[in-house]
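Student: Next comes the structure file target.cif, holding mmCIF, C-alpha atoms and all ligand atoms.
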data_query
#
loop_
_atom_site.group_PDB
_atom_site.id
_atom_site.type_symbol
_atom_site.label_atom_id
_atom_site.label_comp_id
_atom_site.auth_asym_id
_atom_site.auth_seq_id
_atom_site.Cartn_x
_atom_site.Cartn_y
_atom_site.Cartn_z
ATOM 1 C CA MET A 1 -13.946 -18.460 -2.933
ATOM 2 C CA LYS A 2 -11.942 -15.293 -3.395
ATOM 3 C CA ARG A 3 -10.644 -14.469 -6.863
ATOM 4 C CA ILE A 4 -7.522 -12.665 -8.046
ATOM 5 C CA VAL A 5 -6.594 -11.730 -11.595
ATOM 6 C CA THR A 6 -2.888 -11.310 -12.097
ATOM 7 C CA ILE A 7 -1.580 -9.287 -15.021
ATOM 8 C CA GLN A 8 2.053 -10.019 -15.818
ATOM 9 C CA ASP A 9 4.324 -11.925 -18.199
ATOM 10 C CA VAL A 10 4.861 -15.624 -18.629
ATOM 11 C CA SER A 11 8.562 -16.412 -18.398
ATOM 12 C CA CYS A 12 8.715 -19.985 -19.673
ATOM 13 C CA PHE A 13 11.851 -20.912 -17.737
ATOM 14 C CA GLY A 14 13.174 -19.235 -14.608
ATOM 15 C CA LYS A 15 10.646 -18.965 -11.842
ATOM 16 C CA CYS A 16 8.992 -15.555 -11.667
ATOM 17 C CA SER A 17 5.746 -13.735 -12.435
ATOM 18 C CA VAL A 18 2.900 -16.057 -13.515
ATOM 19 C CA THR A 19 4.784 -19.319 -12.863
ATOM 20 C CA VAL A 20 5.182 -18.186 -9.237
ATOM 21 C CA ALA A 21 1.887 -16.339 -8.696
ATOM 22 C CA LEU A 22 -0.389 -19.029 -10.087
ATOM 23 C CA PRO A 23 0.819 -22.004 -7.990
ATOM 24 C CA ILE A 24 1.205 -19.962 -4.802
ATOM 25 C CA ILE A 25 -2.153 -18.199 -4.996
ATOM 26 C CA SER A 26 -3.926 -21.453 -5.938
ATOM 27 C CA ALA A 27 -2.273 -23.268 -3.028
ATOM 28 C CA MET A 28 -3.603 -20.560 -0.739
ATOM 29 C CA GLY A 29 -7.127 -21.478 -1.783
ATOM 30 C CA VAL A 30 -7.716 -18.384 -3.898
ATOM 31 C CA GLU A 31 -8.756 -18.616 -7.538
ATOM 32 C CA CYS A 32 -6.158 -17.077 -9.840
ATOM 33 C CA ALA A 33 -7.111 -15.837 -13.303
ATOM 34 C CA ILE A 34 -4.309 -14.539 -15.488
ATOM 35 C CA ILE A 35 -3.735 -12.030 -18.241
ATOM 36 C CA PRO A 36 -0.367 -12.932 -19.769
ATOM 37 C CA THR A 37 1.111 -9.711 -21.130
ATOM 38 C CA SER A 38 4.020 -11.313 -22.953
ATOM 39 C CA VAL A 39 5.734 -14.656 -23.292
ATOM 40 C CA LEU A 40 9.496 -14.771 -22.775
ATOM 41 C CA SER A 41 11.690 -17.849 -23.118
ATOM 42 C CA THR A 42 13.264 -16.930 -19.751
ATOM 43 C CA HIS A 43 13.164 -13.967 -17.405
ATOM 44 C CA THR A 44 15.544 -11.152 -18.254
ATOM 45 C CA GLY A 45 17.936 -11.553 -15.327
ATOM 46 C CA GLY A 46 20.957 -13.751 -15.923
ATOM 47 C CA PHE A 47 19.923 -15.054 -19.341
ATOM 48 C CA GLU A 48 20.944 -13.605 -22.678
ATOM 49 C CA GLY A 49 19.134 -13.761 -26.003
ATOM 50 C CA PHE A 50 15.717 -14.471 -24.504
ATOM 51 C CA THR A 51 12.688 -14.338 -26.797
ATOM 52 C CA PHE A 52 9.911 -11.805 -26.190
ATOM 53 C CA ARG A 53 6.444 -12.322 -27.666
ATOM 54 C CA ASP A 54 4.439 -9.170 -27.051
ATOM 55 C CA LEU A 55 0.802 -9.960 -26.203
ATOM 56 C CA SER A 56 -0.159 -6.343 -25.448
ATOM 57 C CA ASP A 57 -2.939 -6.244 -27.997
ATOM 58 C CA ASP A 58 -4.621 -9.247 -26.379
ATOM 59 C CA ILE A 59 -5.112 -7.314 -23.119
ATOM 60 C CA PRO A 60 -8.042 -5.138 -24.347
ATOM 61 C CA LYS A 61 -9.517 -8.119 -26.216
ATOM 62 C CA ILE A 62 -9.504 -10.292 -23.083
ATOM 63 C CA LYS A 63 -11.005 -7.377 -21.150
ATOM 64 C CA GLU A 64 -13.822 -6.873 -23.666
ATOM 65 C CA HIS A 65 -14.623 -10.584 -23.703
ATOM 66 C CA TRP A 66 -14.752 -10.749 -19.904
ATOM 67 C CA LYS A 67 -17.047 -7.712 -19.803
ATOM 68 C CA LYS A 68 -19.722 -9.781 -21.560
ATOM 69 C CA TYR A 69 -19.884 -12.037 -18.481
ATOM 70 C CA ASP A 70 -20.387 -11.226 -14.818
ATOM 71 C CA ILE A 71 -16.725 -11.726 -14.044
ATOM 72 C CA GLU A 72 -15.590 -9.911 -10.912
ATOM 73 C CA PHE A 73 -12.339 -9.915 -8.999
ATOM 74 C CA ASP A 74 -11.605 -9.380 -5.328
ATOM 75 C CA THR A 75 -8.077 -8.317 -6.264
ATOM 76 C CA ILE A 76 -6.289 -7.130 -9.368
ATOM 77 C CA TYR A 77 -2.607 -7.976 -8.938
ATOM 78 C CA THR A 78 -0.214 -6.467 -11.470
ATOM 79 C CA GLY A 79 3.453 -7.396 -11.792
ATOM 80 C CA TYR A 80 6.105 -7.073 -14.492
ATOM 81 C CA LEU A 81 4.723 -5.127 -17.453
ATOM 82 C CA GLY A 82 7.016 -5.085 -20.467
ATOM 83 C CA SER A 83 6.155 -1.745 -22.069
ATOM 84 C CA VAL A 84 4.361 1.584 -21.640
ATOM 85 C CA LYS A 85 1.576 0.215 -23.834
ATOM 86 C CA GLN A 86 1.059 -2.669 -21.391
ATOM 87 C CA ILE A 87 0.830 -0.188 -18.528
ATOM 88 C CA ASP A 88 -1.792 1.837 -20.435
ATOM 89 C CA TYR A 89 -3.853 -1.270 -21.211
ATOM 90 C CA THR A 90 -3.560 -2.385 -17.582
ATOM 91 C CA ILE A 91 -4.842 1.020 -16.438
ATOM 92 C CA ASP A 92 -7.790 0.620 -18.861
ATOM 93 C CA PHE A 93 -8.469 -2.819 -17.360
ATOM 94 C CA VAL A 94 -8.406 -1.374 -13.840
ATOM 95 C CA LYS A 95 -10.871 1.339 -14.862
ATOM 96 C CA ASP A 96 -13.321 -1.283 -16.114
ATOM 97 C CA PHE A 97 -12.850 -3.987 -13.469
ATOM 98 C CA LYS A 98 -11.985 -2.184 -10.225
ATOM 99 C CA LYS A 99 -15.272 -2.009 -8.328
ATOM 100 C CA GLU A 100 -15.795 -0.419 -4.912
ATOM 101 C CA ASN A 101 -14.474 -3.466 -3.067
ATOM 102 C CA THR A 102 -11.799 -4.533 -5.530
ATOM 103 C CA LEU A 103 -8.258 -4.237 -4.235
ATOM 104 C CA LEU A 104 -5.602 -3.036 -6.669
ATOM 105 C CA PHE A 105 -2.262 -4.564 -5.689
ATOM 106 C CA VAL A 106 0.674 -3.261 -7.754
ATOM 107 C CA ASP A 107 4.134 -4.806 -7.778
ATOM 108 C CA PRO A 108 6.074 -2.379 -10.002
ATOM 109 C CA ALA A 109 8.615 -5.047 -10.966
ATOM 110 C CA MET A 110 11.104 -3.198 -13.158
ATOM 111 C CA ALA A 111 14.403 -2.664 -11.323
ATOM 112 C CA ASP A 112 16.749 -3.905 -8.602
ATOM 113 C CA LYS A 113 20.080 -2.972 -7.022
ATOM 114 C CA GLY A 114 20.007 0.548 -8.449
ATOM 115 C CA LYS A 115 19.413 -0.551 -12.054
ATOM 116 C CA MET A 116 16.450 -0.937 -14.387
ATOM 117 C CA TYR A 117 15.920 -4.492 -15.679
ATOM 118 C CA THR A 118 17.146 -5.192 -19.230
ATOM 119 C CA GLY A 119 14.814 -3.650 -21.787
ATOM 120 C CA PHE A 120 13.562 -0.684 -19.731
ATOM 121 C CA ASP A 121 14.767 2.897 -20.048
ATOM 122 C CA SER A 122 14.896 5.565 -17.373
ATOM 123 C CA GLY A 123 11.572 7.035 -18.544
ATOM 124 C CA PHE A 124 9.659 3.856 -17.667
ATOM 125 C CA PRO A 125 9.187 4.454 -13.898
ATOM 126 C CA ALA A 126 7.153 7.629 -14.561
ATOM 127 C CA HIS A 127 4.654 5.487 -16.468
ATOM 128 C CA MET A 128 4.615 2.783 -13.794
ATOM 129 C CA ALA A 129 3.941 5.599 -11.305
ATOM 130 C CA ARG A 130 0.633 6.301 -13.110
ATOM 131 C CA LEU A 131 -0.487 2.745 -12.304
ATOM 132 C CA CYS A 132 0.814 2.990 -8.726
ATOM 133 C CA ALA A 133 -1.270 6.149 -8.301
ATOM 134 C CA LEU A 134 -4.444 4.048 -8.594
ATOM 135 C CA ALA A 135 -3.296 1.322 -6.213
ATOM 136 C CA ASP A 136 -4.604 0.361 -2.816
ATOM 137 C CA ILE A 137 -1.195 -1.095 -2.122
ATOM 138 C CA VAL A 138 2.167 -0.958 -3.895
ATOM 139 C CA VAL A 139 5.084 -3.295 -3.106
ATOM 140 C CA PRO A 140 8.323 -2.013 -4.694
ATOM 141 C CA ASN A 141 11.867 -2.841 -3.616
ATOM 142 C CA ILE A 142 14.014 0.129 -2.624
ATOM 143 C CA THR A 143 15.365 0.672 -6.153
ATOM 144 C CA GLU A 144 11.852 0.763 -7.595
ATOM 145 C CA ALA A 145 10.640 3.020 -4.769
ATOM 146 C CA SER A 146 13.495 5.438 -5.493
ATOM 147 C CA PHE A 147 12.892 5.492 -9.258
ATOM 148 C CA LEU A 148 9.105 5.830 -8.875
ATOM 149 C CA THR A 149 9.444 8.821 -6.577
ATOM 150 C CA GLY A 150 12.376 10.486 -8.370
ATOM 151 C CA THR A 151 14.623 10.025 -5.338
ATOM 152 C CA PRO A 152 18.334 9.295 -5.903
ATOM 153 C CA TYR A 153 19.037 5.601 -5.197
ATOM 154 C CA THR A 154 21.436 4.945 -2.342
ATOM 155 C CA GLU A 155 22.795 1.592 -1.291
ATOM 156 C CA SER A 156 22.889 2.539 2.374
ATOM 157 C CA TYR A 157 19.966 4.228 4.051
ATOM 158 C CA ASP A 158 18.418 4.739 7.447
ATOM 159 C CA GLU A 159 14.895 4.440 8.782
ATOM 160 C CA ASN A 160 14.061 8.086 8.011
ATOM 161 C CA HIS A 161 14.988 7.585 4.368
ATOM 162 C CA VAL A 162 12.709 4.530 4.093
ATOM 163 C CA LYS A 163 9.846 6.391 5.766
ATOM 164 C CA MET A 164 10.346 9.309 3.393
ATOM 165 C CA LEU A 165 10.178 6.950 0.385
ATOM 166 C CA LEU A 166 7.012 5.309 1.744
ATOM 167 C CA LYS A 167 5.372 8.708 2.205
ATOM 168 C CA LYS A 168 6.354 9.747 -1.309
ATOM 169 C CA LEU A 169 4.935 6.510 -2.749
ATOM 170 C CA CYS A 170 1.628 7.319 -1.095
ATOM 171 C CA GLU A 171 1.828 10.903 -2.333
ATOM 172 C CA LEU A 172 1.788 9.435 -5.848
ATOM 173 C CA GLY A 173 -1.727 8.249 -4.954
ATOM 174 C CA ALA A 174 -1.265 4.755 -3.482
ATOM 175 C CA LYS A 175 -3.110 4.278 -0.199
ATOM 176 C CA LYS A 176 -0.614 1.869 1.324
ATOM 177 C CA ALA A 177 2.966 1.008 0.461
ATOM 178 C CA VAL A 178 5.453 -1.675 1.368
ATOM 179 C CA ILE A 179 9.154 -1.532 0.519
ATOM 180 C CA THR A 180 10.737 -4.970 0.370
ATOM 181 C CA GLY A 181 14.327 -6.011 1.038
ATOM 182 C CA ILE A 182 14.945 -3.458 3.778
ATOM 183 C CA ALA A 183 18.020 -4.210 5.909
ATOM 184 C CA PHE A 184 19.329 -1.796 8.529
ATOM 185 C CA GLU A 185 21.941 -4.290 9.705
ATOM 186 C CA LYS A 186 23.656 -7.329 8.203
ATOM 187 C CA ALA A 187 21.799 -9.969 10.196
ATOM 188 C CA THR A 188 18.209 -9.086 9.340
ATOM 189 C CA GLN A 189 16.075 -8.094 6.385
ATOM 190 C CA GLY A 190 12.388 -7.357 6.049
ATOM 191 C CA ALA A 191 9.557 -5.304 4.628
ATOM 192 C CA TYR A 192 8.551 -1.805 5.737
ATOM 193 C CA PHE A 193 4.855 -0.926 5.545
ATOM 194 C CA TYR A 194 3.068 2.428 5.584
ATOM 195 C CA ASP A 195 -0.645 3.096 5.718
ATOM 196 C CA SER A 196 -1.167 6.699 4.602
ATOM 197 C CA GLU A 197 -4.754 6.874 5.850
ATOM 198 C CA ALA A 198 -3.882 5.742 9.385
ATOM 199 C CA ASN A 199 -0.403 7.386 9.182
ATOM 200 C CA GLU A 200 0.977 4.153 10.589
ATOM 201 C CA TYR A 201 4.279 2.378 9.935
ATOM 202 C CA TYR A 202 5.196 -1.252 10.571
ATOM 203 C CA TYR A 203 8.507 -2.991 9.957
ATOM 204 C CA TYR A 204 8.700 -6.772 9.982
ATOM 205 C CA LYS A 205 12.100 -8.381 9.669
ATOM 206 C CA ALA A 206 13.506 -11.885 9.624
ATOM 207 C CA GLU A 207 16.864 -13.516 9.102
ATOM 208 C CA ASN A 208 18.970 -11.991 6.306
ATOM 209 C CA ILE A 209 20.469 -14.628 4.050
ATOM 210 C CA ASP A 210 23.327 -13.224 2.067
ATOM 211 C CA ARG A 211 22.529 -14.887 -1.267
ATOM 212 C CA ASN A 212 20.575 -13.502 -4.184
ATOM 213 C CA PHE A 213 17.961 -15.495 -6.007
ATOM 214 C CA HIS A 214 15.688 -14.423 -8.798
ATOM 215 C CA GLY A 215 11.935 -14.161 -8.237
ATOM 216 C CA THR A 216 11.937 -13.547 -4.494
ATOM 217 C CA GLY A 217 9.990 -10.307 -5.038
ATOM 218 C CA ASP A 218 7.321 -12.247 -6.930
ATOM 219 C CA THR A 219 7.215 -14.918 -4.216
ATOM 220 C CA PHE A 220 6.744 -12.269 -1.534
ATOM 221 C CA ALA A 221 4.129 -10.369 -3.575
ATOM 222 C CA SER A 222 2.102 -13.501 -4.395
ATOM 223 C CA VAL A 223 1.877 -14.631 -0.775
ATOM 224 C CA PHE A 224 1.215 -11.113 0.527
ATOM 225 C CA CYS A 225 -1.475 -10.501 -2.099
ATOM 226 C CA GLY A 226 -3.031 -13.933 -1.503
ATOM 227 C CA ALA A 227 -3.129 -13.449 2.270
ATOM 228 C CA ILE A 228 -4.669 -9.959 2.055
ATOM 229 C CA THR A 229 -7.248 -11.236 -0.427
ATOM 230 C CA LYS A 230 -8.104 -14.080 1.954
ATOM 231 C CA GLY A 231 -8.848 -11.450 4.594
ATOM 232 C CA PHE A 232 -5.744 -11.590 6.771
ATOM 233 C CA ASP A 233 -4.981 -8.365 8.577
ATOM 234 C CA ILE A 234 -2.240 -6.567 6.651
ATOM 235 C CA LYS A 235 0.461 -6.893 9.334
ATOM 236 C CA HIS A 236 -0.188 -10.604 9.661
ATOM 237 C CA ALA A 237 -0.136 -10.968 5.862
ATOM 238 C CA LEU A 238 3.228 -9.180 5.790
ATOM 239 C CA GLU A 239 4.658 -11.535 8.402
ATOM 240 C CA ILE A 240 3.441 -14.611 6.522
ATOM 241 C CA ALA A 241 4.918 -13.315 3.255
ATOM 242 C CA VAL A 242 8.306 -12.343 4.729
ATOM 243 C CA ASN A 243 8.632 -15.655 6.596
ATOM 244 C CA PHE A 244 7.648 -17.676 3.537
ATOM 245 C CA THR A 245 10.149 -15.851 1.336
ATOM 246 C CA VAL A 246 12.953 -16.552 3.829
ATOM 247 C CA GLU A 247 11.888 -20.198 4.027
ATOM 248 C CA CYS A 248 12.053 -20.484 0.221
ATOM 249 C CA ILE A 249 15.514 -18.901 0.133
ATOM 250 C CA LYS A 250 16.707 -21.333 2.808
ATOM 251 C CA ALA A 251 15.265 -24.267 0.879
ATOM 252 C CA THR A 252 17.212 -23.122 -2.186
ATOM 253 C CA LEU A 253 20.570 -22.685 -0.429
ATOM 254 C CA PRO A 254 21.748 -26.309 -0.818
ATOM 255 C CA GLU A 255 21.536 -25.784 -4.597
ATOM 256 C CA ALA A 256 22.445 -22.115 -4.558
ATOM 257 C CA ASP A 257 24.883 -22.352 -7.465
ATOM 258 C CA THR A 258 22.613 -24.191 -9.875
ATOM 259 C CA HIS A 259 19.215 -22.841 -8.815
ATOM 260 C CA LYS A 260 19.743 -19.060 -9.034
ATOM 261 C CA TYR A 261 17.018 -18.599 -11.633
ATOM 262 C CA GLY A 262 14.322 -18.917 -8.971
ATOM 263 C CA VAL A 263 13.619 -20.154 -5.452
ATOM 264 C CA LYS A 264 12.365 -23.611 -4.524
ATOM 265 C CA PHE A 265 8.983 -22.370 -3.366
ATOM 266 C CA GLU A 266 7.411 -25.699 -4.344
ATOM 267 C CA GLU A 267 8.983 -27.508 -1.387
ATOM 268 C CA CYS A 268 7.635 -24.856 0.990
ATOM 269 C CA ILE A 269 4.015 -24.857 -0.165
ATOM 270 C CA PRO A 270 2.835 -27.410 2.449
ATOM 271 C CA SER A 271 4.166 -25.193 5.221
ATOM 272 C CA LEU A 272 2.453 -22.132 3.680
ATOM 273 C CA ILE A 273 -0.855 -23.985 3.678
ATOM 274 C CA GLU A 274 -0.313 -24.860 7.362
ATOM 275 C CA LYS A 275 0.380 -21.223 8.248
ATOM 276 C CA ILE A 276 -2.775 -19.864 6.703
ATOM 277 C CA LYS A 277 -5.086 -22.503 8.174
HETATM 278 O O1 LIG A 301 10.810 -11.143 -11.156
HETATM 279 C C1 LIG A 301 10.386 -10.059 -11.894
HETATM 280 C C2 LIG A 301 10.442 -10.321 -13.359
HETATM 281 C C3 LIG A 301 9.308 -10.717 -14.019
HETATM 282 N N1 LIG A 301 9.302 -10.970 -15.328
HETATM 283 C C4 LIG A 301 10.420 -10.855 -16.074
HETATM 284 C C5 LIG A 301 11.594 -10.475 -15.464
HETATM 285 C C6 LIG A 301 11.626 -10.188 -14.090
HETATM 286 C C7 LIG A 301 12.851 -9.769 -13.452
HETATM 287 O O2 LIG A 301 13.898 -9.695 -14.010
HETATM 288 O O3 LIG A 301 12.710 -10.387 -16.201
HETATM 289 C C8 LIG A 301 10.377 -11.137 -17.535
#
Rewrite the structure of this file - the entire thing - as structure tokens.
Ligand code: PXL
Tutor:
Amino acid sequence: MKRIVTIQDVSCFGKCSVTVALPIISAMGVECAIIPTSVLSTHTGGFEGFTFRDLSDDIPKIKEHWKKYDIEFDTIYTGYLGSVKQIDYTIDFVKDFKKENTLLFVDPAMADKGKMYTGFDSGFPAHMARLCALADIVVPNITEASFLTGTPYTESYDENHVKMLLKKLCELGAKKAVITGIAFEKATQGAYFYDSEANEYYYYKAENIDRNFHGTGDTFASVFCGAITKGFDIKHALEIAVNFTVECIKATLPEADTHKYGVKFEECIPSLIEKIK
């Protein structure tokens, strides 16, 4: 059985990070270990006054304990990290646990729609870029890609702009990059992939649903990471992840007004299992 360790927060209510990654990756038949970096009462989008318990200092302790055993991971999957200290500890973890065949999958979850998430300042992306530099694959949205590469964020863009961002992400050090949420027209949206070693691009798009839900980036990243770890070819993994994310958004639409804090991925899990059979 393949094994992933995911390093990100636990948001107790509002589906994102660990509460998305753990069920999805498990359903895909991949073991999912976790390092919770902080515990929040909710995620930081759309809720006010959330609690934040910083577990940063547990990260090196968990790492040291695990080093006493023969614990190995096929993939290290990092998501939302709440501080520069958490990034530094995550980099230390990668240095100790990334072996020759370990994949480092980095979702630099920190911003959307041209703005940093609550609690982050404009200096944060430069630190996240240090983690991205070590990655085999990074999966930012276009805001994160812009901030990571020091490129001004623009709401409208063309294919050349996306390709330029992908190249710049790989120039940071990442081998492969995907930018999520790319729409060149109203009707479709998808993910744009670049493999710097093969100098190859691939864009996979599906139906664009004009509603915003929280946690779709984490849903996409969990499925994409799970599929790659299972050994799916990267283009196929991208297609599975994009299609699943759209399916989850569609499943949420009937309750769009009351279910904005996350997507109803639970209802779609049986179909995910079918698709990866
Ligand atoms: O979905 C990414 C994410 C993860 N964790 C926390 C968040 C967010 C996005 O806002 O607030 C705590």
Student: List, as an MDAnalysis selection string, every residue that the PyMOL selection byres (((chain A and resi 16-30) around 6) and not hetatm) selects in the file provided.
Tutor: chainID A and resid 2:3 10 15 31 215 218 222 226
Student: Name the residues captured by the PyMOL selection byres (((not hetatm)) within 8 of (chain A and resi 301)) when it is applied to the shown file; answer as a list in words.
Tutor: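 Listing what the PyMOL selection byres (((not hetatm)) within 8 of (chain A and resi 301)) selects in the shown file: Gln8, Asp9, Val10, Ser11, Lys15, Cys16, Ser17, Leu40, Thr42, His43, Thr44, Gly45, Gly79, Tyr80, Leu81, Gly82, Ala109, Met110, Ala111, Tyr117, Thr118, His214, Gly215, Thr216, Gly217 and Asp218 of chain A.
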Student: Using only C-alpha atoms, which residues sit within 12 Å of A:Ala174 once same-chain residues fewer than 3 positions away are excluded, as a ChimeraX atom specification?
Tutor: /A:103-107,129-140,148-149,166-171,177-178,194-197
Student: Do you have the atom CA of A:Gly14-atom CA of A:Ser122 distance handy?
Tutor: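 About the pair atom CA of A:Gly14 and atom CA of A:Ser122: they are 25.0 Å apart.
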Student: What is the atom CA of A:Tyr157-atom CA of A:Gly181 distance in Å, reported with one decimal?
Tutor: 12.1 Å
Student: Just say which residues the PyMOL selection byres (((chain A and resi 93-95) around 8) and not hetatm) picks in this file, as a list in words.
Tutor: Pro60, Lys63, Ile76, Tyr89, Thr90, Ile91, Asp92, Asp96, Phe97, Lys98 and Leu104 of chain A
Student: I'd like the contact shell of A:Ser38 - 7 Å cut-off, all atoms listed in the file, skipping same-chain residues fewer than 4 positions apart - returned as a ChimeraX atom specification.
Tutor: /A:9-10,52-56
Student: In Å to one decimal, how far is atom CA of A:Thr229 from atom CA of A:Asp70?
Tutor: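 Atom CA of A:Thr229 lies at a distance of 19.5 Å from atom CA of A:Asp70.
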Student: Excluding same-chain residues fewer than 2 positions from A:Gly150, what lies within 10 Å of it counting only C-alpha atoms, as number ranges by chain?
Tutor: A: 125-126, 144-148, 152-153, 165, 168
Student: Which residue out of A:Ala206, A:Leu272, A:Met116, A:Ile234 has the minimum interatomic distance to A:Lys176 when all atoms listed in the file are used?
Tutor: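 Of A:Ala206, A:Leu272, A:Met116, A:Ile234, the one nearest A:Lys176 is A:Ile234, counting all atoms listed in the file.
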Student: Using the file's own x, y and z axes, what box holds all listed atoms of stretch 55-64 of chain A with 3 Å on each side, keeping edges along x, y and z, and what are its centre and edge lengths in Å to one decimal, as JSON?
Tutor:
{"center_x": -6.5, "center_y": -7.7, "center_z": -24.6, "size_x": 20.6, "size_y": 11.2, "size_z": 12.8}
Student: Kindly indicate which residue among A:Thr219, A:Lys277, A:Ser83, A:Tyr203 lies nearest to A:Asp121, using only C-alpha atoms for the distances.
Tutor: A:Ser83
Student: Report as a JSON list (two decimals) with C-alpha atoms, in the coordinates of the input all protein, DNA and RNA residues lying within 10 Å of A:Glu155, evaluated on only C-alpha atoms, omitting residues in the same chain fewer than 5 positions from it.
Tutor:
[["chain", "number", "residue", "atom", "x", "y", "z"],
["A", 113, "LYS", "CA", 20.08, -2.97, -7.02],
["A", 114, "GLY", "CA", 20.01, 0.55, -8.45],
["A", 142, "ILE", "CA", 14.01, 0.13, -2.62],
["A", 143, "THR", "CA", 15.36, 0.67, -6.15]]
Student: For a quick check of understanding, using only C-alpha atoms, which of A:Ile249, A:Val242, A:Ile4, A:Val84 has the smallest distance to A:Phe120?
Tutor: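 Nearest candidate to A:Phe120 out of A:Ile249, A:Val242, A:Ile4, A:Val84: A:Val84.
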Student: Of the residues A:Met164, A:Cys268, A:Leu253, A:Ile276, which is the one nearest to A:Ala237, using only C-alpha atoms?
Tutor: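 The shortest atom-to-atom distance to A:Ala237 comes from A:Ile276.
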Student: Find the residue from A:Ile228, A:Ile35, A:Val162, A:Asn212 that sits nearest to A:Tyr261; use only C-alpha atoms when measuring.
Tutor: A:Asn212
Student: Taking all atoms listed in the file into account, which of A:Phe224, A:Lys163, A:Phe73, A:Asp57 comes nearest A:Tyr202?
Tutor: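 Of A:Phe224, A:Lys163, A:Phe73, A:Asp57, the one nearest A:Tyr202, counting all atoms listed in the file, is A:Lys163.
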